[in-house]
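Shown next: data_32.cif, containing mmCIF, C-alpha atoms.
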data_input
#
loop_
_atom_site.group_PDB
_atom_site.id
_atom_site.type_symbol
_atom_site.label_atom_id
_atom_site.label_comp_id
_atom_site.auth_asym_id
_atom_site.auth_seq_id
_atom_site.Cartn_x
_atom_site.Cartn_y
_atom_site.Cartn_z
ATOM 1 C CA MET A 215 -44.607 18.562 11.183
ATOM 2 C CA VAL A 216 -43.027 22.024 11.027
ATOM 3 C CA ARG A 217 -39.851 20.595 9.530
ATOM 4 C CA ARG A 218 -41.804 18.668 6.917
ATOM 5 C CA ILE A 219 -43.674 21.819 5.874
ATOM 6 C CA ILE A 220 -40.395 23.757 5.591
ATOM 7 C CA GLN A 221 -38.856 20.946 3.532
ATOM 8 C CA ALA A 222 -41.814 20.980 1.143
ATOM 9 C CA LEU A 223 -41.819 24.771 0.862
ATOM 10 C CA THR A 224 -38.066 24.769 0.222
ATOM 11 C CA ALA A 225 -38.461 22.222 -2.579
ATOM 12 C CA LEU A 226 -41.186 24.383 -4.094
ATOM 13 C CA LEU A 227 -39.129 27.567 -3.751
ATOM 14 C CA TYR A 228 -36.101 25.956 -5.399
ATOM 15 C CA ASN A 229 -38.323 24.820 -8.287
ATOM 16 C CA ILE A 230 -40.855 27.633 -8.534
ATOM 17 C CA HIS A 231 -40.539 27.847 -12.333
ATOM 18 C CA LEU A 232 -43.575 25.590 -12.672
ATOM 19 C CA LYS A 233 -43.969 26.473 -16.345
ATOM 20 C CA GLY A 234 -40.873 24.389 -17.024
ATOM 21 C CA PHE A 235 -42.703 21.221 -16.042
ATOM 22 C CA ILE A 236 -45.191 21.924 -18.841
ATOM 23 C CA THR A 237 -42.866 23.136 -21.581
ATOM 24 C CA GLY A 238 -39.902 20.923 -20.733
ATOM 25 C CA ARG A 239 -37.554 23.915 -20.949
ATOM 26 C CA ILE A 240 -34.969 24.877 -18.357
ATOM 27 C CA TYR A 241 -35.178 28.322 -16.762
ATOM 28 C CA GLN A 242 -32.104 30.341 -17.714
ATOM 29 C CA GLY A 243 -32.877 33.706 -16.157
ATOM 30 C CA SER A 244 -30.622 35.802 -13.952
ATOM 31 C CA LEU A 245 -31.517 33.875 -10.792
ATOM 32 C CA LYS A 246 -29.583 30.901 -12.156
ATOM 33 C CA LYS A 247 -26.404 32.798 -11.296
ATOM 34 C CA VAL A 248 -27.175 32.266 -7.598
ATOM 35 C CA CYS A 249 -26.653 28.968 -5.762
ATOM 36 C CA VAL A 250 -29.378 27.577 -3.531
ATOM 37 C CA PRO A 251 -28.129 26.169 -0.188
ATOM 38 C CA GLY A 252 -29.333 22.591 -0.751
ATOM 39 C CA LEU A 253 -28.766 19.994 -3.450
ATOM 40 C CA ASN A 254 -31.126 20.771 -6.333
ATOM 41 C CA CYS A 255 -30.303 20.044 -9.971
ATOM 42 C CA TYR A 256 -29.615 23.039 -12.222
ATOM 43 C CA SER A 257 -31.308 21.212 -15.109
ATOM 44 C CA CYS A 258 -34.561 20.500 -13.303
ATOM 45 C CA PRO A 259 -37.302 22.138 -15.450
ATOM 46 C CA GLY A 260 -38.530 24.074 -12.432
ATOM 47 C CA ALA A 261 -35.178 25.091 -10.937
ATOM 48 C CA VAL A 262 -34.637 28.848 -10.586
ATOM 49 C CA GLY A 263 -31.213 28.645 -8.941
ATOM 50 C CA SER A 264 -28.001 26.686 -9.362
ATOM 51 C CA CYS A 265 -26.941 23.588 -7.468
ATOM 52 C CA PRO A 266 -23.893 24.363 -5.282
ATOM 53 C CA ILE A 267 -22.155 21.099 -6.209
ATOM 54 C CA GLY A 268 -22.703 21.630 -9.926
ATOM 55 C CA SER A 269 -21.486 25.207 -9.579
ATOM 56 C CA LEU A 270 -18.433 24.116 -7.607
ATOM 57 C CA GLN A 271 -17.431 21.740 -10.389
ATOM 58 C CA SER A 272 -17.971 24.455 -13.004
ATOM 59 C CA SER A 273 -15.904 26.936 -10.989
ATOM 60 C CA ILE A 274 -12.856 24.702 -11.419
ATOM 61 C CA ASN A 275 -12.854 25.480 -15.158
ATOM 62 C CA ALA A 276 -9.471 26.733 -16.375
ATOM 63 C CA VAL A 277 -8.041 25.951 -12.954
ATOM 64 C CA LYS A 278 -4.485 26.491 -14.194
ATOM 65 C CA TYR A 279 -5.340 30.154 -14.718
ATOM 66 C CA LYS A 280 -7.815 30.980 -11.969
ATOM 67 C CA VAL A 281 -10.235 29.499 -9.461
ATOM 68 C CA SER A 282 -13.596 31.119 -8.775
ATOM 69 C CA LEU A 283 -14.067 31.772 -5.065
ATOM 70 C CA TYR A 284 -17.727 32.774 -5.328
ATOM 71 C CA VAL A 285 -19.163 29.273 -4.895
ATOM 72 C CA ALA A 286 -16.611 28.287 -2.256
ATOM 73 C CA GLY A 287 -17.443 31.460 -0.356
ATOM 74 C CA LEU A 288 -21.158 30.694 -0.404
ATOM 75 C CA LEU A 289 -20.583 27.151 0.817
ATOM 76 C CA ILE A 290 -18.388 28.420 3.643
ATOM 77 C CA LEU A 291 -21.050 30.993 4.539
ATOM 78 C CA PHE A 292 -23.891 28.453 4.557
ATOM 79 C CA GLY A 293 -21.794 25.891 6.409
ATOM 80 C CA SER A 294 -20.402 28.211 9.070
ATOM 81 C CA ILE A 295 -23.867 29.500 9.944
ATOM 82 C CA LEU A 296 -26.062 26.400 9.640
ATOM 83 C CA GLY A 297 -23.890 23.316 9.130
ATOM 84 C CA ARG A 298 -25.985 20.286 8.198
ATOM 85 C CA PHE A 299 -29.185 22.007 9.249
ATOM 86 C CA ILE A 300 -29.521 22.619 5.499
ATOM 87 C CA CYS A 301 -29.463 18.848 4.907
ATOM 88 C CA GLY A 302 -32.253 18.248 7.389
ATOM 89 C CA TRP A 303 -34.497 21.185 6.547
ATOM 90 C CA ALA A 304 -33.705 22.492 3.040
ATOM 91 C CA CYS A 305 -32.848 19.555 0.776
ATOM 92 C CA PRO A 306 -35.545 18.246 -1.604
ATOM 93 C CA PHE A 307 -33.819 14.899 -2.148
ATOM 94 C CA GLY A 308 -33.527 14.488 1.605
ATOM 95 C CA LEU A 309 -37.298 14.912 1.809
ATOM 96 C CA VAL A 310 -37.796 12.264 -0.884
ATOM 97 C CA GLN A 311 -35.659 9.797 1.075
ATOM 98 C CA GLU A 312 -37.513 10.479 4.313
ATOM 99 C CA VAL A 313 -40.870 9.860 2.639
ATOM 100 C CA LEU A 314 -39.570 6.585 1.173
ATOM 101 C CA HIS A 315 -38.283 5.548 4.604
ATOM 102 C CA LYS A 316 -41.839 5.717 5.944
ATOM 103 C CA ILE A 317 -42.820 2.732 3.786
ATOM 104 C CA PRO A 318 -43.383 -0.184 6.210
ATOM 105 C CA SER A 319 -40.340 -2.463 6.120
ATOM 106 C CA PRO A 320 -37.510 -3.724 8.333
ATOM 107 C CA LYS A 321 -35.202 -0.809 9.118
ATOM 108 C CA LEU A 322 -31.431 -1.198 9.139
ATOM 109 C CA ARG A 323 -29.766 0.739 11.955
ATOM 110 C CA LYS A 324 -26.534 0.738 13.922
ATOM 111 C CA LYS A 325 -24.697 -1.461 11.439
ATOM 112 C CA PRO A 326 -20.871 -1.477 11.765
ATOM 113 C CA VAL A 327 -20.533 -1.054 7.998
ATOM 114 C CA PHE A 328 -22.335 2.303 8.223
ATOM 115 C CA GLY A 329 -19.361 3.611 10.200
ATOM 116 C CA VAL A 330 -17.196 2.933 7.145
ATOM 117 C CA LEU A 331 -19.712 3.947 4.476
ATOM 118 C CA LYS A 332 -20.122 7.430 5.979
ATOM 119 C CA TYR A 333 -16.660 8.307 4.666
ATOM 120 C CA GLY A 334 -17.809 7.581 1.122
ATOM 121 C CA LYS A 335 -19.196 11.090 0.708
ATOM 122 C CA TYR A 336 -15.766 12.587 1.433
ATOM 123 C CA VAL A 337 -14.155 10.322 -1.184
ATOM 124 C CA ILE A 338 -16.783 11.346 -3.740
ATOM 125 C CA LEU A 339 -16.252 15.024 -2.869
ATOM 126 C CA ALA A 340 -12.501 14.699 -3.331
ATOM 127 C CA VAL A 341 -12.530 12.557 -6.489
ATOM 128 C CA PHE A 342 -15.667 13.456 -8.465
ATOM 129 C CA VAL A 343 -16.255 17.062 -7.413
ATOM 130 C CA LEU A 344 -12.685 18.357 -7.113
ATOM 131 C CA LEU A 345 -10.018 16.056 -8.582
ATOM 132 C CA LEU A 346 -11.582 14.829 -11.836
ATOM 133 C CA PRO A 347 -12.950 18.257 -12.893
ATOM 134 C CA ALA A 348 -9.564 19.827 -12.106
ATOM 135 C CA LEU A 349 -7.579 17.225 -14.043
ATOM 136 C CA TYR A 350 -9.946 17.434 -17.002
ATOM 137 C CA SER A 351 -9.686 21.213 -16.966
ATOM 138 C CA LEU A 352 -5.885 21.075 -16.961
ATOM 139 C CA GLN A 353 -5.867 18.711 -19.930
ATOM 140 C CA LYS A 354 -8.765 20.008 -22.018
ATOM 141 C CA GLY A 355 -9.162 23.614 -20.898
ATOM 142 C CA VAL A 356 -12.780 22.965 -19.892
ATOM 143 C CA THR A 357 -14.141 21.175 -16.881
ATOM 144 C CA ILE A 358 -16.411 18.159 -16.596
ATOM 145 C CA PRO A 359 -19.156 17.917 -13.944
ATOM 146 C CA ALA A 360 -18.121 14.378 -13.029
ATOM 147 C CA PHE A 361 -20.426 13.960 -10.022
ATOM 148 C CA CYS A 362 -23.470 15.322 -11.844
ATOM 149 C CA LYS A 363 -22.714 13.345 -14.994
ATOM 150 C CA TYR A 364 -21.856 9.949 -13.539
ATOM 151 C CA ILE A 365 -23.433 9.709 -10.082
ATOM 152 C CA CYS A 366 -26.014 12.204 -8.843
ATOM 153 C CA PRO A 367 -29.369 10.379 -8.393
ATOM 154 C CA ALA A 368 -31.052 13.649 -7.414
ATOM 155 C CA GLY A 369 -30.254 15.035 -10.866
ATOM 156 C CA THR A 370 -31.677 11.932 -12.529
ATOM 157 C CA LEU A 371 -34.911 12.252 -10.556
ATOM 158 C CA GLU A 372 -35.301 16.025 -10.812
ATOM 159 C CA ALA A 373 -33.960 16.628 -14.319
ATOM 160 C CA GLY A 374 -33.223 13.499 -16.330
ATOM 161 C CA ILE A 375 -36.613 11.825 -16.029
ATOM 162 C CA PRO A 376 -38.760 14.999 -16.427
ATOM 163 C CA LEU A 377 -36.775 16.320 -19.398
ATOM 164 C CA ILE A 378 -36.943 13.025 -21.266
ATOM 165 C CA ALA A 379 -40.648 12.688 -20.464
ATOM 166 C CA LEU A 380 -41.363 16.206 -21.733
ATOM 167 C CA ASN A 381 -39.063 16.263 -24.791
ATOM 168 C CA GLU A 382 -39.555 13.580 -27.404
ATOM 169 C CA SER A 383 -36.327 14.512 -29.187
ATOM 170 C CA LEU A 384 -34.289 13.690 -26.084
ATOM 171 C CA ARG A 385 -35.622 10.142 -25.982
ATOM 172 C CA TYR A 386 -33.599 9.336 -29.092
ATOM 173 C CA THR A 387 -30.390 10.360 -27.323
ATOM 174 C CA ILE A 388 -30.754 7.913 -24.435
ATOM 175 C CA GLY A 389 -27.640 5.779 -24.026
ATOM 176 C CA TRP A 390 -25.736 3.721 -21.487
ATOM 177 C CA LEU A 391 -25.117 6.716 -19.221
ATOM 178 C CA PHE A 392 -28.821 7.327 -18.668
ATOM 179 C CA TYR A 393 -29.424 3.649 -17.888
ATOM 180 C CA TRP A 394 -26.452 3.658 -15.515
ATOM 181 C CA LYS A 395 -27.823 6.634 -13.647
ATOM 182 C CA MET A 396 -31.300 5.109 -13.564
ATOM 183 C CA LEU A 397 -29.718 2.041 -11.964
ATOM 184 C CA LEU A 398 -28.061 4.244 -9.319
ATOM 185 C CA LEU A 399 -31.325 6.078 -8.677
ATOM 186 C CA THR A 400 -33.220 2.803 -8.334
ATOM 187 C CA ALA A 401 -30.620 1.487 -5.885
ATOM 188 C CA MET A 402 -30.844 4.683 -3.837
ATOM 189 C CA VAL A 403 -34.652 4.667 -3.818
ATOM 190 C CA LEU A 404 -34.789 1.048 -2.682
ATOM 191 C CA SER A 405 -32.121 1.494 -0.023
ATOM 192 C CA ALA A 406 -33.928 4.576 1.348
ATOM 193 C CA VAL A 407 -36.858 2.335 2.262
ATOM 194 C CA PHE A 408 -34.644 0.343 4.629
ATOM 195 C CA ILE A 409 -31.927 2.871 5.566
ATOM 196 C CA TYR A 410 -32.570 6.421 6.744
ATOM 197 C CA ARG A 411 -31.293 8.917 4.145
ATOM 198 C CA PRO A 412 -28.561 6.703 2.627
ATOM 199 C CA PHE A 413 -27.612 9.232 -0.059
ATOM 200 C CA CYS A 414 -27.099 11.986 2.514
ATOM 201 C CA ARG A 415 -25.096 9.759 4.836
ATOM 202 C CA PHE A 416 -22.903 7.834 2.397
ATOM 203 C CA VAL A 417 -22.802 9.634 -0.965
ATOM 204 C CA CYS A 418 -23.681 13.337 -0.952
ATOM 205 C CA PRO A 419 -20.616 15.596 -1.394
ATOM 206 C CA LEU A 420 -22.611 18.642 -0.281
ATOM 207 C CA GLY A 421 -23.368 16.845 2.972
ATOM 208 C CA ALA A 422 -19.634 16.176 3.290
ATOM 209 C CA ILE A 423 -18.869 19.887 2.971
ATOM 210 C CA TYR A 424 -21.478 20.954 5.514
ATOM 211 C CA ALA A 425 -20.419 18.133 7.857
ATOM 212 C CA MET A 426 -16.999 19.764 8.168
ATOM 213 C CA PHE A 427 -18.684 22.819 9.688
ATOM 214 C CA ASN A 428 -21.170 21.005 11.921
ATOM 215 C CA SER A 429 -19.194 21.234 15.158
ATOM 216 C CA THR A 430 -18.396 24.940 14.745
ATOM 217 C CA ALA A 431 -21.497 26.304 13.000
ATOM 218 C CA ILE A 432 -23.172 29.281 14.652
ATOM 219 C CA PHE A 433 -26.518 27.478 14.738
ATOM 220 C CA GLY A 434 -26.346 24.097 16.405
ATOM 221 C CA LEU A 435 -27.578 21.708 19.040
ATOM 222 C CA LYS A 436 -27.092 22.572 22.692
ATOM 223 C CA VAL A 437 -27.073 20.174 25.634
ATOM 224 C CA ASP A 438 -28.045 21.426 29.085
ATOM 225 C CA SER A 439 -25.744 19.331 31.271
ATOM 226 C CA ALA A 440 -27.729 20.306 34.359
ATOM 227 C CA LYS A 441 -30.813 18.579 32.944
ATOM 228 C CA CYS A 442 -29.231 15.686 31.042
ATOM 229 C CA THR A 443 -29.335 12.365 32.954
ATOM 230 C CA HIS A 444 -27.398 10.350 30.381
ATOM 231 C CA CYS A 445 -30.450 8.140 29.834
ATOM 232 C CA GLY A 446 -29.715 7.610 26.142
ATOM 233 C CA ILE A 447 -33.298 8.105 24.958
ATOM 234 C CA CYS A 448 -32.089 10.699 22.451
ATOM 235 C CA THR A 449 -29.659 8.140 21.020
ATOM 236 C CA GLY A 450 -32.494 5.682 20.499
ATOM 237 C CA ALA A 451 -34.477 8.376 18.656
ATOM 238 C CA CYS A 452 -31.588 9.363 16.364
ATOM 239 C CA LYS A 453 -31.996 7.780 12.929
ATOM 240 C CA VAL A 454 -28.400 8.510 11.895
ATOM 241 C CA ASP A 455 -27.137 6.539 14.892
ATOM 242 C CA ILE A 456 -25.153 9.159 16.790
ATOM 243 C CA HIS A 457 -25.167 10.029 20.503
ATOM 244 C CA PRO A 458 -26.646 13.556 20.746
ATOM 245 C CA PHE A 459 -25.914 13.940 24.472
ATOM 246 C CA GLU A 460 -22.215 13.146 23.915
ATOM 247 C CA THR A 461 -21.616 14.690 20.494
ATOM 248 C CA PRO A 462 -24.525 17.105 19.965
ATOM 249 C CA ASN A 463 -23.061 18.401 16.702
ATOM 250 C CA ASP A 464 -21.587 15.246 15.234
ATOM 251 C CA PRO A 465 -20.714 15.579 11.512
ATOM 252 C CA GLU A 466 -23.485 13.079 10.717
ATOM 253 C CA CYS A 467 -26.204 15.071 12.511
ATOM 254 C CA VAL A 468 -28.673 16.648 10.059
ATOM 255 C CA ARG A 469 -30.382 18.700 12.795
ATOM 256 C CA CYS A 470 -33.729 16.932 12.300
ATOM 257 C CA GLY A 471 -34.707 17.594 15.923
ATOM 258 C CA ASP A 472 -35.930 14.065 16.717
ATOM 259 C CA CYS A 473 -33.618 13.915 19.733
ATOM 260 C CA ILE A 474 -35.058 17.180 21.062
ATOM 261 C CA LYS A 475 -38.605 15.835 20.834
ATOM 262 C CA ALA A 476 -37.611 12.528 22.432
ATOM 263 C CA CYS A 477 -35.727 13.928 25.442
ATOM 264 C CA PRO A 478 -37.960 13.583 28.545
ATOM 265 C CA HIS A 479 -35.923 16.167 30.440
ATOM 266 C CA SER A 480 -35.836 18.950 27.819
ATOM 267 C CA ALA A 481 -32.053 18.833 27.966
ATOM 268 C CA LEU A 482 -31.572 19.356 24.207
ATOM 269 C CA LYS A 483 -32.444 22.379 22.142
ATOM 270 C CA PHE A 484 -31.406 24.304 19.053
ATOM 271 C CA SER A 485 -29.318 27.344 19.883
ATOM 272 C CA SER A 486 -28.940 30.430 17.678
ATOM 273 C CA VAL A 487 -25.371 30.780 18.936
ATOM 274 C CA TYR A 488 -23.712 27.434 19.427
ATOM 275 C CA THR A 489 -22.566 26.907 22.994
ATOM 276 C CA GLY A 490 -23.362 23.201 23.178
ATOM 277 C CA THR A 491 -21.390 21.106 25.642
ATOM 278 C CA PRO A 492 -21.362 17.312 25.519
ATOM 279 C CA CYS A 493 -23.088 15.747 28.491
ATOM 280 C CA THR A 494 -20.367 13.705 30.164
ATOM 281 C CA SER A 495 -20.754 11.438 33.146
ATOM 282 C CA ARG A 496 -18.932 14.114 35.160
ATOM 283 C CA ASN A 497 -21.582 16.632 34.169
ATOM 284 C CA VAL A 498 -24.277 14.222 35.265
ATOM 285 C CA THR A 499 -22.609 13.585 38.631
ATOM 286 C CA GLN A 500 -22.290 17.314 39.299
ATOM 287 C CA SER A 501 -25.887 17.991 38.260
ATOM 288 C CA LYS A 502 -27.087 15.411 40.754
#

Whole structure, structure tokens version:
Amino acid sequence: MVRRIIQALTALLYNIHLKGFITGRIYQGSLKKVCVPGLNCYSCPGAVGSCPIGSLQSSINAVKYKVSLYVAGLLILFGSILGRFICGWACPFGLVQEVLHKIPSPKLRKKPVFGVLKYGKYVILAVFVLLLPALYSLQKGVTIPAFCKYICPAGTLEAGIPLIALNESLRYTIGWLFYWKMLLLTAMVLSAVFIYRPFCRFVCPLGAIYAMFNSTAIFGLKVDSAKCTHCGICTGACKVDIHPFETPNDPECVRCGDCIKACPHSALKFSSVYTGTPCTSRNVTQSK
């Protein structure tokens, strides 16, 4: 319940320019120079900050002359302190997917293909966020936000649909690209009903960046090997199908805390300074 409240408050804070949802105009004040930690579209009528992925693509502009380190520095800062805690607690599109997943339906879990699909977000990060903008910048002198333009379903939901609904003139500009992105959004919405946070797990390049820091972030998940009995209850509670007692800070862990609530021995907890140790069978033998 606490996490859900924080997720909702974060979404509101990211998009506190409520006037934009009435006028259909994007906020362009000084706060837009600052990136928010989670994925939130720059063009959302209510957005008061910049999306880190959109900003990262823009920072590659004129890459043959210079590369802006401001956005990269912020991402390193956020990642090294919190890792994917941001995904689980401060991402509006993550909240949308979790709400959709509550719709009664068969749930798909522990599928072998998920082990392959999880690498998709790293491919998208490399190709659409870094490579294509860089190549376009080298050829044209300006960059192209390839991920935002061709893929991002969060941008379609938060910006594309509201802006078209609020601005009649924009409706006449709708073309194949908008329909393509609506198709991607529809696919993601439907899959979220059956799969827990599919965008975060298989597509999101921001999740890929934070995942690289998950095992070394200052704030993480700690296992008390003296209390852990290797029962596996935490694994059963984990919706991203990892083993919290073995890999408490797996790159796929979004720090939702479900494993902590499920553990009957209170062997898992969040730690302000990460000192987590995997609970091995040796640990269990010694604790007994």

* Residues returned when the PyMOL selection byres ((chain A and resi 222) around 12) runs on this file, as a count of residues only -> 26

* **CA of Val330 (chain A) to CA of Lys395 (chain A), distance in Å rounded to a single decimal** => 23.6 Å

Within 9 Å of region 364-381 of chain A: each region 242-317 of chain A residue with its shortest pair, only C-alpha atoms, as a tab-separated table:
residue	atom	partner	partner_atom	distance
A:Leu253	CA	A:Ala368	CA	7.8
A:Asn254	CA	A:Ala368	CA	7.2
A:Cys255	CA	A:Gly369	CA	5.1
A:Tyr256	CA	A:Ala373	CA	8.0
A:Ser257	CA	A:Ala373	CA	5.4
A:Cys258	CA	A:Ala373	CA	4.0
A:Pro259	CA	A:Ala373	CA	6.5
A:Gly260	CA	A:Glu372	CA	8.8
A:Pro306	CA	A:Ala368	CA	8.7
A:Phe307	CA	A:Ala368	CA	6.1

* Asked: Hey, which of A:Cys467, A:Ala451, A:Leu270, A:Leu435 ends up closest to Leu482 (chain A)? Count all atoms listed in the file.
  -> A:Leu435

* To do: Just give me the residues with any atom within 7 Å of (-23.1, 22.4, 11.4), file coordinates, counting only C-alpha atoms, written as a ChimeraX atom specification.
  => /A:293-294,296-299,424-425,427-431,433-434,463

* Asked: Got a sec: who's within 8 Å of Ile267 (chain A), counting all atoms listed in the file, leaving out chain neighbours fewer than 4 positions off, as a count of residues only?
  -> 5

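Rounded to one decimal, CA of His479 (chain A) and CA of Thr443 (chain A) lie 8.0 Å from each other.
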
* Residues at most 10 Å from Ile317 (chain A), counting all atoms listed in the file, excluding those fewer than 6 positions away in the same chain, as a VMD selection string? -> chain A and resid 406 to 408

Please produce an output containing C-alpha atoms for each residue in the selection, written as an mmCIF file, keeping the file's coordinate frame.
data_model
loop_
_atom_site.group_PDB
_atom_site.id
_atom_site.type_symbol
_atom_site.label_atom_id
_atom_site.label_comp_id
_atom_site.auth_asym_id
_atom_site.auth_seq_id
_atom_site.Cartn_x
_atom_site.Cartn_y
_atom_site.Cartn_z
ATOM 1 C CA ALA A 406 -33.928 4.576 1.348
ATOM 2 C CA VAL A 407 -36.858 2.335 2.262
ATOM 3 C CA PHE A 408 -34.644 0.343 4.629
#

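Between CA of Cys442 (chain A) and CA of Asp464 (chain A) the separation is 17.6 Å.
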
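Residue nearest Ile358 (chain A) within the list A:Gln311, A:Ser273, A:Ser383, A:Ser439: A:Ser273 [criterion: smallest interatomic distance, all atoms listed in the file].
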
* **Expected selection from the PyMOL selection byres ((chain A and resi 342) around 10), given as a ChimeraX atom specification** => /A:271,336-341,343-348,358-365,419

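Minimum distance to Phe328 (chain A) across A:Leu391, A:Ile432, A:Met402, A:Ile409 (counting all atoms listed in the file) occurs at A:Ile409.
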
* Nearest residue to Glu466 (chain A) from the set A:Arg415, A:Lys247, A:Arg385, A:Lys436 (distances using only C-alpha atoms) -> A:Arg415

* Specify as a PyMOL selection string each residue included when the PyMOL selection byres ((chain A and resi 455) around 9) is applied to this file. => chain A and resi 323-324+449-454+456-457+466-467

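For the set A:Val356, A:Val248, A:Ile295, A:Leu322, the residue with the smallest atom-to-atom gap to Ser272 (chain A) is A:Val356, counting all atoms listed in the file.
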
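The shell of residues at most 9 Å from Cys448 (chain A), with all atoms listed in the file counted and near chain neighbours (fewer than 3 positions) removed, consists of Cys445, Ala451, Cys452, His457, Pro458, Phe459, Asp472, Cys473, Ile474, Lys475, Ala476, Cys477, Pro478 and Leu482 of chain A.
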
Enclose region 381-399 of chain A, meaning all of its atoms listed in the file, in a box aligned along x, y and z, pad it by 3 Å on each side, and list the centre and edge lengths in Å to one decimal, as AutoDock Vina command-line options.
--center_x -32.3 --center_y 9.2 --center_z -18.9 --size_x 20.4 --size_y 20.2 --size_z 26.5

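Proximity ranking of A:Arg411, A:Lys233, A:His444, A:Arg469 relative to Leu314 (chain A) places A:Arg411 first, based on all atoms listed in the file.
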